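Participant: Got a structure for you, final26.txt, holding compact mmCIF, C-alpha atoms and all ligand atoms.
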```txt
# COMPACT_ATOMS: atom_id res chain seq x y z
CA MET A 1 116.21 72.21 91.34
CA LYS A 2 117.14 75.16 93.53
CA LEU A 3 114.78 78.12 93.49
CA SER A 4 116.18 81.64 93.84
CA LYS A 5 114.79 83.93 96.56
CA LYS A 6 113.04 86.00 93.91
CA LYS A 7 111.33 82.92 92.40
CA ILE A 8 110.23 81.75 95.84
CA LYS A 9 108.69 85.17 96.50
CA LEU A 10 106.84 85.10 93.16
CA LEU A 11 105.58 81.59 93.84
CA PHE A 12 104.40 82.73 97.27
CA LEU A 13 102.54 85.72 95.75
CA PHE A 14 100.95 83.43 93.15
CA LEU A 15 99.74 81.00 95.82
CA ILE A 16 98.52 83.71 98.20
CA ASP A 17 96.47 85.15 95.31
CA ILE A 18 94.37 81.97 95.30
CA ILE A 19 93.33 82.64 98.90
CA TYR A 20 93.29 86.46 98.82
CA PRO A 21 92.78 87.54 95.19
CA ASN A 22 94.78 90.60 94.21
CA ARG A 23 92.87 93.87 93.83
CA CYS A 24 93.56 97.09 91.90
CA ALA A 25 95.35 99.80 93.90
CA CYS A 26 92.63 102.33 93.07
CA CYS A 27 89.26 100.83 92.02
CA ASP A 28 89.48 97.57 94.02
CA LYS A 29 88.57 95.33 91.02
CA PHE A 30 90.20 91.91 90.87
CA ILE A 31 93.44 91.98 88.87
CA LEU A 32 96.14 89.47 87.95
CA TRP A 33 98.31 88.38 90.84
CA ASP A 34 101.44 90.10 89.50
CA LYS A 35 99.86 93.52 88.80
CA LEU A 36 99.37 96.52 91.11
CA CYS A 37 96.77 98.50 89.20
CA CYS A 38 94.18 97.87 86.42
CA GLU A 39 94.72 99.37 82.94
CA ASN A 40 91.83 101.80 83.32
CA CYS A 41 93.15 103.26 86.60
CA LEU A 42 96.68 103.51 85.20
CA LYS A 43 95.29 105.71 82.41
CA ARG A 44 93.34 107.86 84.85
CA LEU A 45 96.39 108.25 87.09
CA LYS A 46 98.28 109.66 84.08
CA SER A 47 95.80 112.52 83.96
CA VAL A 48 96.50 113.56 87.57
CA GLU A 49 100.30 113.44 87.36
CA VAL A 50 101.87 116.64 88.76
CA ASP A 51 102.91 119.06 86.06
CA LYS A 52 104.52 121.84 88.11
CA PRO A 53 106.51 122.09 91.34
CA SER A 54 104.65 122.54 94.60
CA PRO A 55 105.90 124.97 97.27
CA ASN A 56 104.97 122.47 99.99
CA VAL A 57 106.96 119.43 98.90
CA ASP A 58 110.20 118.71 97.01
CA VAL A 59 109.21 115.53 95.14
CA CYS A 60 105.70 114.17 94.43
CA CYS A 61 103.74 112.09 91.87
CA PHE A 62 100.05 112.99 91.68
CA TYR A 63 97.61 115.74 92.50
CA TYR A 64 95.24 114.82 95.30
CA ASP A 65 92.42 114.34 92.84
CA ASP A 66 90.23 111.77 91.03
CA ILE A 67 91.45 108.16 91.20
CA ALA A 68 94.61 109.08 93.18
CA ILE A 69 92.35 109.82 96.19
CA ASP A 70 90.93 106.29 95.93
CA GLY A 71 94.45 104.86 95.89
CA ILE A 72 95.41 106.87 98.99
CA VAL A 73 92.27 105.69 100.83
CA ARG A 74 92.89 102.03 99.91
CA ASN A 75 96.52 102.23 101.01
CA LYS A 76 95.33 103.59 104.38
CA ASP A 77 92.90 100.68 104.40
CA ARG A 78 95.69 98.11 103.95
CA ASN A 79 95.46 97.38 100.23
CA THR A 80 99.12 98.31 99.88
CA ASN A 81 99.24 98.15 96.05
CA PHE A 82 98.97 101.95 95.72
CA GLY A 83 101.71 102.46 98.31
CA VAL A 84 103.97 100.07 96.40
CA TYR A 85 103.11 101.55 92.99
CA SER A 86 103.65 105.18 94.04
CA GLY A 87 106.70 104.23 96.13
CA MET A 88 108.27 102.82 92.95
CA ILE A 89 107.62 106.07 91.04
CA LEU A 90 109.08 108.15 93.90
CA GLY A 91 112.01 105.75 94.29
CA HIS A 92 112.81 106.22 90.60
CA LYS A 93 112.55 110.02 90.85
CA LEU A 94 114.99 109.92 93.80
CA ARG A 95 117.49 107.57 92.14
CA ASP A 96 120.28 110.17 91.93
CA VAL A 97 119.74 111.59 95.42
CA LYS A 98 122.36 110.92 98.06
CA ALA A 99 120.74 110.51 101.47
CA ASP A 100 121.49 108.77 104.77
CA PHE A 101 118.00 107.70 105.85
CA VAL A 102 114.42 107.40 104.65
CA VAL A 103 111.96 108.43 107.39
CA PRO A 104 108.17 108.09 107.10
CA VAL A 105 105.88 110.66 108.72
CA PRO A 106 104.70 108.83 111.86
CA MET A 107 101.10 107.72 112.36
CA TYR A 108 101.34 106.16 115.82
CA LYS A 109 103.69 105.87 118.73
CA HIS A 110 103.58 102.08 118.52
CA LYS A 111 105.84 100.87 115.77
CA LYS A 112 103.93 97.63 115.28
CA LEU A 113 100.73 99.39 114.15
CA TYR A 114 100.16 99.85 110.43
CA ASN A 115 101.67 103.05 109.04
CA HIS A 116 100.58 103.65 105.43
CA ALA A 117 103.42 106.17 104.84
CA GLU A 118 105.90 103.49 105.87
CA ILE A 119 104.79 101.25 102.95
CA ILE A 120 105.87 104.00 100.53
CA ALA A 121 109.05 104.81 102.47
CA LYS A 122 110.05 101.14 102.51
CA ILE A 123 109.95 100.89 98.70
CA ILE A 124 112.02 104.10 98.31
CA SER A 125 114.51 102.72 100.82
CA ARG A 126 114.85 99.33 99.09
CA MET A 127 115.10 100.74 95.56
CA ASN A 128 117.84 103.20 96.45
CA ASN A 129 119.64 101.24 99.15
CA ILE A 130 119.08 103.91 101.80
CA PRO A 131 118.27 102.62 105.32
CA LEU A 132 114.68 103.07 106.55
CA LYS A 133 114.40 104.67 110.01
CA THR A 134 111.13 104.33 111.90
CA ASP A 135 112.45 104.92 115.41
CA ILE A 136 113.15 108.66 115.23
CA LEU A 137 109.75 110.34 114.84
CA TYR A 138 106.53 109.24 116.52
CA LYS A 139 103.01 110.54 117.06
CA LEU A 140 101.38 110.55 120.48
CA ASP A 141 98.18 108.57 120.96
CA GLY A 142 94.86 110.39 120.83
CA ALA A 143 95.63 112.84 118.02
CA PRO A 144 92.38 113.87 116.31
CA GLU A 145 91.81 113.25 112.60
CA GLN A 146 93.45 116.19 110.89
CA HIS A 147 90.75 116.87 108.28
CA SER A 148 88.12 117.37 111.00
CA LEU A 149 90.04 120.24 112.63
CA LYS A 150 89.55 123.98 112.37
CA GLN A 151 92.54 126.20 111.61
CA ALA A 152 93.23 127.06 115.29
CA GLN A 153 93.13 123.40 116.34
CA ARG A 154 95.62 122.41 113.66
CA SER A 155 98.62 123.85 115.49
CA GLU A 156 97.59 121.86 118.58
CA TYR A 157 97.44 118.77 116.37
CA LEU A 158 101.07 119.33 115.37
CA ASP A 159 102.07 119.11 119.05
CA TYR A 160 101.28 115.38 118.90
CA PHE A 161 104.37 114.86 116.72
CA LYS A 162 107.50 114.11 118.73
CA THR A 163 111.03 112.91 118.23
CA ASN A 164 113.36 110.60 120.09
CA ILE A 165 116.80 112.02 120.67
CA VAL A 166 118.96 110.65 117.89
CA ASN A 167 122.18 112.17 116.60
CA LEU A 168 121.52 113.18 112.99
CA LYS A 169 124.34 115.69 112.73
CA GLY A 170 125.20 116.37 109.10
CA LYS A 171 122.72 113.78 107.78
CA THR A 172 120.47 114.08 104.76
CA ILE A 173 116.97 112.66 105.27
CA ILE A 174 114.23 111.74 102.82
CA LEU A 175 110.98 112.43 104.68
CA VAL A 176 107.95 110.59 103.25
CA ASP A 177 104.18 111.15 103.51
CA ASP A 178 101.20 110.11 101.38
CA VAL A 179 99.23 113.39 101.27
CA VAL A 180 100.49 116.97 101.56
CA THR A 181 97.99 119.81 101.64
CA THR A 182 99.21 122.82 103.63
CA GLY A 183 102.60 121.24 104.30
CA ASN A 184 102.26 121.88 108.07
CA THR A 185 102.88 118.25 109.09
CA MET A 186 105.95 118.11 106.85
CA ARG A 187 107.24 121.39 108.32
CA LYS A 188 106.74 120.10 111.86
CA CYS A 189 108.57 116.81 111.13
CA LYS A 190 111.39 118.73 109.41
CA GLU A 191 111.73 120.94 112.46
CA LEU A 192 112.00 117.85 114.72
CA LEU A 193 114.65 116.25 112.50
CA LYS A 194 116.61 119.52 112.46
CA GLN A 195 116.49 119.63 116.26
CA ASN A 196 118.43 116.37 116.10
CA GLY A 197 121.03 117.94 113.84
CA ALA A 198 119.83 116.85 110.37
CA GLU A 199 121.46 119.03 107.75
CA LYS A 200 119.19 118.53 104.76
CA ILE A 201 115.66 117.18 104.50
CA ILE A 202 114.06 116.26 101.21
CA SER A 203 110.28 116.20 101.55
CA VAL A 204 108.52 113.58 99.46
CA SER A 205 104.80 112.88 99.06
CA VAL A 206 102.69 110.67 96.81
CA THR A 207 100.02 113.34 96.39
CA VAL A 208 99.88 117.10 96.78
CA SER A 209 97.02 119.61 96.62
CA LYS A 210 96.82 121.52 93.36
CA TYR A 211 98.71 124.79 93.69
CA ARG A 212 97.29 127.72 91.74
ZN ZN A 301 91.42 99.96 88.82
```
For this file, produce the structure as C-alpha cells.
Facilitator:
Amino acid sequence: MKLSKKKIKLLFLFLIDIIYPNRCACCDKFILWDKLCCENCLKRLKSVEVDKPSPNVDVCCFYYDDIAIDGIVRNKDRNTNFGVYSGMILGHKLRDVKADFVVPVPMYKHKKLYNHAEIIAKIISRMNNIPLKTDILYKLDGAPEQHSLKQAQRSEYLDYFKTNIVNLKGKTIILVDDVVTTGNTMRKCKELLKQNGAEKIISVSVTVSKYR
C-alpha cells in the first residue's frame, strides 16, 4: 500500500499528538489532534469578527478583543494553531487577489528565529499559490517592545525596520501582520517596500483595534 503525501502528514500529526497533545488556539485546553480550536472559542471568536472596514488595514478578521487576544498571545508563544486558523480565514478572503509575493512584517533580523507573523503569511501563501518572501524586510536587534513605548519613542522604534535592496518594480505585495493598532508599523513597512519599487501593497492583519 502506497500512502499519499497528505496521508503521511495526517499520520504524522496523529502520532505527534500522542507525545505533544494538541491544544486549542485560544484557551489552551486539550483538543482532538485534527482540530485547531475548541467549540467554545470558535463561538466566542464569531462575536469579535470585524463588521466594518478599518482605515489602518485593507483585510482583517477579528477585533483585538476578548478571546482573539488570547489566540494572538499563544501564536506569539509558539502554539501556532491560531496563526494557522486565522491564516486560513485571511487566505480565503484574499482568494481573488492577484499578487506577486506575500511578505510578513519582520520580527528579527535573523531569519531562523520564530516569527509569528510568518506563520500566518505562510498559510496565505500556500492557499493562494503566491510565493512567500522573508528576505526583503528585517528588524534590527535590540528594538524595544512596542507597547511599552511612549508616543515620541514610537517613531524611533520604527527606525529599527529595514529593507534589503530587492527589485520590486511593478510588483503587488500582500503584507501580513498579526496585530494592527495605529497602523504605524504597516505604514513603515509599506514605505520600505515602495522604496524598492513595489507598485501596490495590500495590508493584511489578523486583528485590528476597534475603530469608532
Ligand atoms: Zn478554546
Participant: Ranking A:Val166, A:Ile173, A:Val206, A:Ile130 by minimum distance to A:Phe82 and counting only C-alpha atoms, which one comes first?
Facilitator: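 Going through A:Val166, A:Ile173, A:Val206, A:Ile130 one by one, the smallest distance to A:Phe82 is for A:Val206.
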Participant: With only C-alpha atoms and all ligand atoms as the atoms that count, which of A:Lys7, A:Ala68, A:Thr181, A:Val48 lies nearest to ligand ZN 301 (chain A)?
Facilitator: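 Among A:Lys7, A:Ala68, A:Thr181, A:Val48, it is A:Ala68 that comes nearest to ligand ZN 301 (chain A).
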Participant: Could you list, as a list in words, all protein and nucleic acid residues with an atom at most 9 Å from ligand ZN 301 (chain A), counting all atoms listed in the file?
Facilitator: Arg23, Cys24, Ala25, Cys26, Cys27, Asp28, Lys29, Phe30, Ile31, Leu36, Cys37, Cys38, Glu39, Asn40, Cys41, Leu42 and Ile67 of chain A
Participant: Give me the stretch 91-115 of chain A side of the contact with stretch 177-180 of chain A, cut-off 12 Å, one line per residue showing its nearest atom pair and distance in Å at one decimal, counting only C-alpha atoms, sorted by chain and residue number, as a tab-separated table.
Facilitator:
```
residue	atom	partner	partner_atom	distance
A:Val102	CA	A:Asp177	CA	11.0
A:Val103	CA	A:Asp177	CA	9.1
A:Pro104	CA	A:Asp177	CA	6.2
A:Val105	CA	A:Asp177	CA	5.5
A:Pro106	CA	A:Asp177	CA	8.7
A:Met107	CA	A:Asp177	CA	10.0
A:Asn115	CA	A:Asp177	CA	10.1
```
Participant: When you count all atoms listed in the file, which of these residues is closest to A:Asp77: A:Val208, A:Leu45, A:Val59, A:Ala117?
Facilitator: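 With all atoms listed in the file as the atom set, the closest residue is A:Ala117.
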Participant: Could you pull the residues within 9 Å of A:Ser54, counting all atoms listed in the file, minus those fewer than 2 positions along the same chain, as a list of chain:residue names?
Facilitator: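 Once the nearby chain positions are removed, what remains is A:Val50, A:Lys52, A:Asn56, A:Val57, A:Asp58, A:Val59, A:Cys60, A:Val208, A:Ser209, A:Lys210, A:Tyr211.
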Participant: Could you please determine the separation between atom CA of A:Ile120 and atom CA of A:Val176 in Å, to one decimal place?
Facilitator: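 Rounded to one decimal, the two atoms are 7.4 Å apart.
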Participant: Given the choices A:Thr207, A:Val73, A:Ala143, A:Glu49, which gets closest to A:Thr182 if the distance is worked out from only C-alpha atoms?
Facilitator: A:Thr207
Participant: Given the choices A:Phe12, A:Arg74, A:Pro55, A:Lys6, which gets closest to A:Gly183 if the distance is worked out from all atoms listed in the file?
Facilitator: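 Under the stated criterion, the closest residue is A:Pro55.
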Participant: So how many Å separate atom CA of A:Ile16 and atom CA of A:Tyr114, to one decimal?
Facilitator: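 Atom-to-atom, atom CA of A:Ile16 and atom CA of A:Tyr114 are spaced 20.3 Å apart.
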Participant: Can you list, as a PyMOL selection string, every protein, DNA or RNA residue that comes within 9 Å of A:Leu132 when you count all atoms listed in the file, leaving out same-chain residues fewer than 6 positions away?
Facilitator: chain A and resi 101-104+118+121-122+124-126
Participant: Select, counting only C-alpha atoms, all protein, DNA and RNA residues no farther than 8 Å from (99.4, 110.4, 121.6) in file coordinates, and express the selection as a list in words.
Facilitator: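 Selection result: Tyr108, Lys109, Lys139, Leu140, Asp141, Gly142, Ala143 and Tyr160 of chain A.
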Participant: So how far away is atom CA of A:Asp70 from atom CA of A:Lys46, in Å?
Facilitator: 14.3 Å
Participant: Only C-alpha atoms needed: put stretch 23-153 of chain A from the block into a file as a JSON list (two decimals), in the first residue's frame.
Facilitator:
```json
[["chain", "number", "residue", "atom", "x", "y", "z"],
["A", 23, "ARG", "CA", -4.19, 22.42, 22.37],
["A", 24, "CYS", "CA", -6.88, 24.97, 21.48],
["A", 25, "ALA", "CA", -5.60, 28.05, 19.62],
["A", 26, "CYS", "CA", -7.18, 30.37, 22.19],
["A", 27, "CYS", "CA", -7.90, 28.77, 25.60],
["A", 28, "ASP", "CA", -5.11, 26.16, 25.58],
["A", 29, "LYS", "CA", -7.43, 23.24, 26.52],
["A", 30, "PHE", "CA", -6.62, 19.85, 25.05],
["A", 31, "ILE", "CA", -8.44, 19.25, 21.76],
["A", 32, "LEU", "CA", -8.57, 16.48, 19.16],
["A", 33, "TRP", "CA", -5.42, 16.12, 17.11],
["A", 34, "ASP", "CA", -7.05, 17.30, 13.88],
["A", 35, "LYS", "CA", -8.69, 20.47, 15.28],
["A", 36, "LEU", "CA", -7.28, 24.00, 15.68],
["A", 37, "CYS", "CA", -9.73, 25.49, 18.15],
["A", 38, "CYS", "CA", -12.34, 24.25, 20.70],
["A", 39, "GLU", "CA", -16.07, 24.73, 20.01],
["A", 40, "ASN", "CA", -16.45, 27.29, 22.78],
["A", 41, "CYS", "CA", -13.64, 29.52, 21.48],
["A", 42, "LEU", "CA", -14.93, 29.24, 17.90],
["A", 43, "LYS", "CA", -18.24, 30.68, 19.13],
["A", 44, "ARG", "CA", -16.54, 33.47, 21.03],
["A", 45, "LEU", "CA", -14.38, 34.33, 18.02],
["A", 46, "LYS", "CA", -17.59, 34.81, 16.00],
["A", 47, "SER", "CA", -18.55, 37.63, 18.34],
["A", 48, "VAL", "CA", -15.32, 39.57, 17.67],
["A", 49, "GLU", "CA", -15.36, 39.26, 13.88],
["A", 50, "VAL", "CA", -14.80, 42.64, 12.20],
["A", 51, "ASP", "CA", -18.01, 44.22, 10.98],
["A", 52, "LYS", "CA", -16.72, 47.37, 9.30],
["A", 53, "PRO", "CA", -13.60, 48.41, 7.37],
["A", 54, "SER", "CA", -10.65, 49.78, 9.28],
["A", 55, "PRO", "CA", -8.67, 52.79, 7.99],
["A", 56, "ASN", "CA", -5.42, 51.14, 9.10],
["A", 57, "VAL", "CA", -5.60, 47.84, 7.23],
["A", 58, "ASP", "CA", -7.11, 46.52, 3.98],
["A", 59, "VAL", "CA", -8.10, 43.00, 5.07],
["A", 60, "CYS", "CA", -8.55, 41.63, 8.62],
["A", 61, "CYS", "CA", -10.53, 39.02, 10.61],
["A", 62, "PHE", "CA", -11.09, 39.98, 14.25],
["A", 63, "TYR", "CA", -11.11, 42.94, 16.58],
["A", 64, "TYR", "CA", -8.25, 42.89, 19.06],
["A", 65, "ASP", "CA", -10.59, 41.88, 21.84],
["A", 66, "ASP", "CA", -11.73, 39.01, 24.10],
["A", 67, "ILE", "CA", -10.57, 35.53, 23.06],
["A", 68, "ALA", "CA", -8.80, 36.83, 19.90],
["A", 69, "ILE", "CA", -6.17, 38.43, 22.20],
["A", 70, "ASP", "CA", -5.54, 35.01, 23.78],
["A", 71, "GLY", "CA", -5.06, 33.49, 20.32],
["A", 72, "ILE", "CA", -2.58, 36.22, 19.35],
["A", 73, "VAL", "CA", -0.60, 35.70, 22.58],
["A", 74, "ARG", "CA", -0.49, 31.90, 22.11],
["A", 75, "ASN", "CA", 0.64, 32.25, 18.50],
["A", 76, "LYS", "CA", 3.48, 34.50, 19.71],
["A", 77, "ASP", "CA", 4.19, 31.80, 22.27],
["A", 78, "ARG", "CA", 4.54, 29.10, 19.59],
["A", 79, "ASN", "CA", 1.14, 27.41, 19.77],
["A", 80, "THR", "CA", 0.69, 28.07, 16.07],
["A", 81, "ASN", "CA", -2.96, 26.89, 15.85],
["A", 82, "PHE", "CA", -4.30, 30.47, 15.94],
["A", 83, "GLY", "CA", -1.84, 31.55, 13.24],
["A", 84, "VAL", "CA", -2.96, 28.65, 11.05],
["A", 85, "TYR", "CA", -6.67, 29.20, 11.76],
["A", 86, "SER", "CA", -6.61, 32.95, 11.07],
["A", 87, "GLY", "CA", -4.23, 32.48, 8.13],
["A", 88, "MET", "CA", -6.87, 30.21, 6.55],
["A", 89, "ILE", "CA", -9.59, 32.86, 7.00],
["A", 90, "LEU", "CA", -7.34, 35.56, 5.52],
["A", 91, "GLY", "CA", -6.23, 33.25, 2.71],
["A", 92, "HIS", "CA", -9.87, 32.68, 1.80],
["A", 93, "LYS", "CA", -10.65, 36.42, 1.89],
["A", 94, "LEU", "CA", -7.70, 37.02, -0.47],
["A", 95, "ARG", "CA", -8.58, 34.21, -2.90],
["A", 96, "ASP", "CA", -9.37, 36.55, -5.81],
["A", 97, "VAL", "CA", -6.42, 38.88, -5.25],
["A", 98, "LYS", "CA", -3.59, 38.83, -7.77],
["A", 99, "ALA", "CA", -0.26, 39.42, -6.06],
["A", 100, "ASP", "CA", 3.40, 38.59, -6.65],
["A", 101, "PHE", "CA", 4.61, 37.99, -3.08],
["A", 102, "VAL", "CA", 3.40, 37.51, 0.47],
["A", 103, "VAL", "CA", 5.68, 39.33, 2.95],
["A", 104, "PRO", "CA", 5.36, 39.06, 6.74],
["A", 105, "VAL", "CA", 6.16, 42.07, 8.95],
["A", 106, "PRO", "CA", 9.63, 41.18, 10.29],
["A", 107, "MET", "CA", 10.28, 40.39, 13.94],
["A", 108, "TYR", "CA", 14.03, 39.80, 13.86],
["A", 109, "LYS", "CA", 17.00, 40.21, 11.60],
["A", 110, "HIS", "CA", 17.80, 36.50, 11.88],
["A", 111, "LYS", "CA", 15.55, 34.52, 9.61],
["A", 112, "LYS", "CA", 15.87, 31.35, 11.66],
["A", 113, "LEU", "CA", 14.20, 32.86, 14.75],
["A", 114, "TYR", "CA", 10.48, 32.33, 15.21],
["A", 115, "ASN", "CA", 8.34, 34.98, 13.51],
["A", 116, "HIS", "CA", 4.67, 34.64, 14.48],
["A", 117, "ALA", "CA", 3.53, 36.80, 11.52],
["A", 118, "GLU", "CA", 5.31, 34.40, 9.20],
["A", 119, "ILE", "CA", 3.06, 31.51, 10.34],
["A", 120, "ILE", "CA", 0.04, 33.47, 9.07],
["A", 121, "ALA", "CA", 1.81, 34.64, 5.90],
["A", 122, "LYS", "CA", 2.85, 31.08, 5.08],
["A", 123, "ILE", "CA", -0.76, 29.83, 5.10],
["A", 124, "ILE", "CA", -1.91, 32.73, 2.88],
["A", 125, "SER", "CA", 0.96, 31.98, 0.51],
["A", 126, "ARG", "CA", 0.20, 28.24, 0.29],
["A", 127, "MET", "CA", -3.56, 28.65, -0.11],
["A", 128, "ASN", "CA", -3.25, 31.15, -2.94],
["A", 129, "ASN", "CA", -0.07, 29.90, -4.58],
["A", 130, "ILE", "CA", 1.75, 33.21, -4.08],
["A", 131, "PRO", "CA", 5.46, 32.94, -3.14],
["A", 132, "LEU", "CA", 6.40, 33.84, 0.46],
["A", 133, "LYS", "CA", 9.30, 36.32, 0.75],
["A", 134, "THR", "CA", 11.09, 36.61, 4.07],
["A", 135, "ASP", "CA", 14.37, 38.07, 2.82],
["A", 136, "ILE", "CA", 13.22, 41.59, 1.94],
["A", 137, "LEU", "CA", 12.28, 43.25, 5.25],
["A", 138, "TYR", "CA", 14.07, 42.76, 8.55],
["A", 139, "LYS", "CA", 14.13, 44.29, 12.02],
["A", 140, "LEU", "CA", 17.36, 45.27, 13.73],
["A", 141, "ASP", "CA", 18.24, 43.61, 17.02],
["A", 142, "GLY", "CA", 17.50, 45.46, 20.25],
["A", 143, "ALA", "CA", 14.17, 47.04, 19.30],
["A", 144, "PRO", "CA", 12.14, 47.70, 22.47],
["A", 145, "GLU", "CA", 8.71, 46.14, 22.98],
["A", 146, "GLN", "CA", 6.34, 48.45, 21.15],
["A", 147, "HIS", "CA", 3.55, 48.51, 23.76],
["A", 148, "SER", "CA", 5.94, 49.82, 26.43],
["A", 149, "LEU", "CA", 6.82, 52.94, 24.42],
["A", 150, "LYS", "CA", 5.56, 56.49, 24.72],
["A", 151, "GLN", "CA", 4.34, 58.31, 21.62],
["A", 152, "ALA", "CA", 7.68, 60.10, 20.98],
["A", 153, "GLN", "CA", 9.66, 56.86, 21.27]]
```
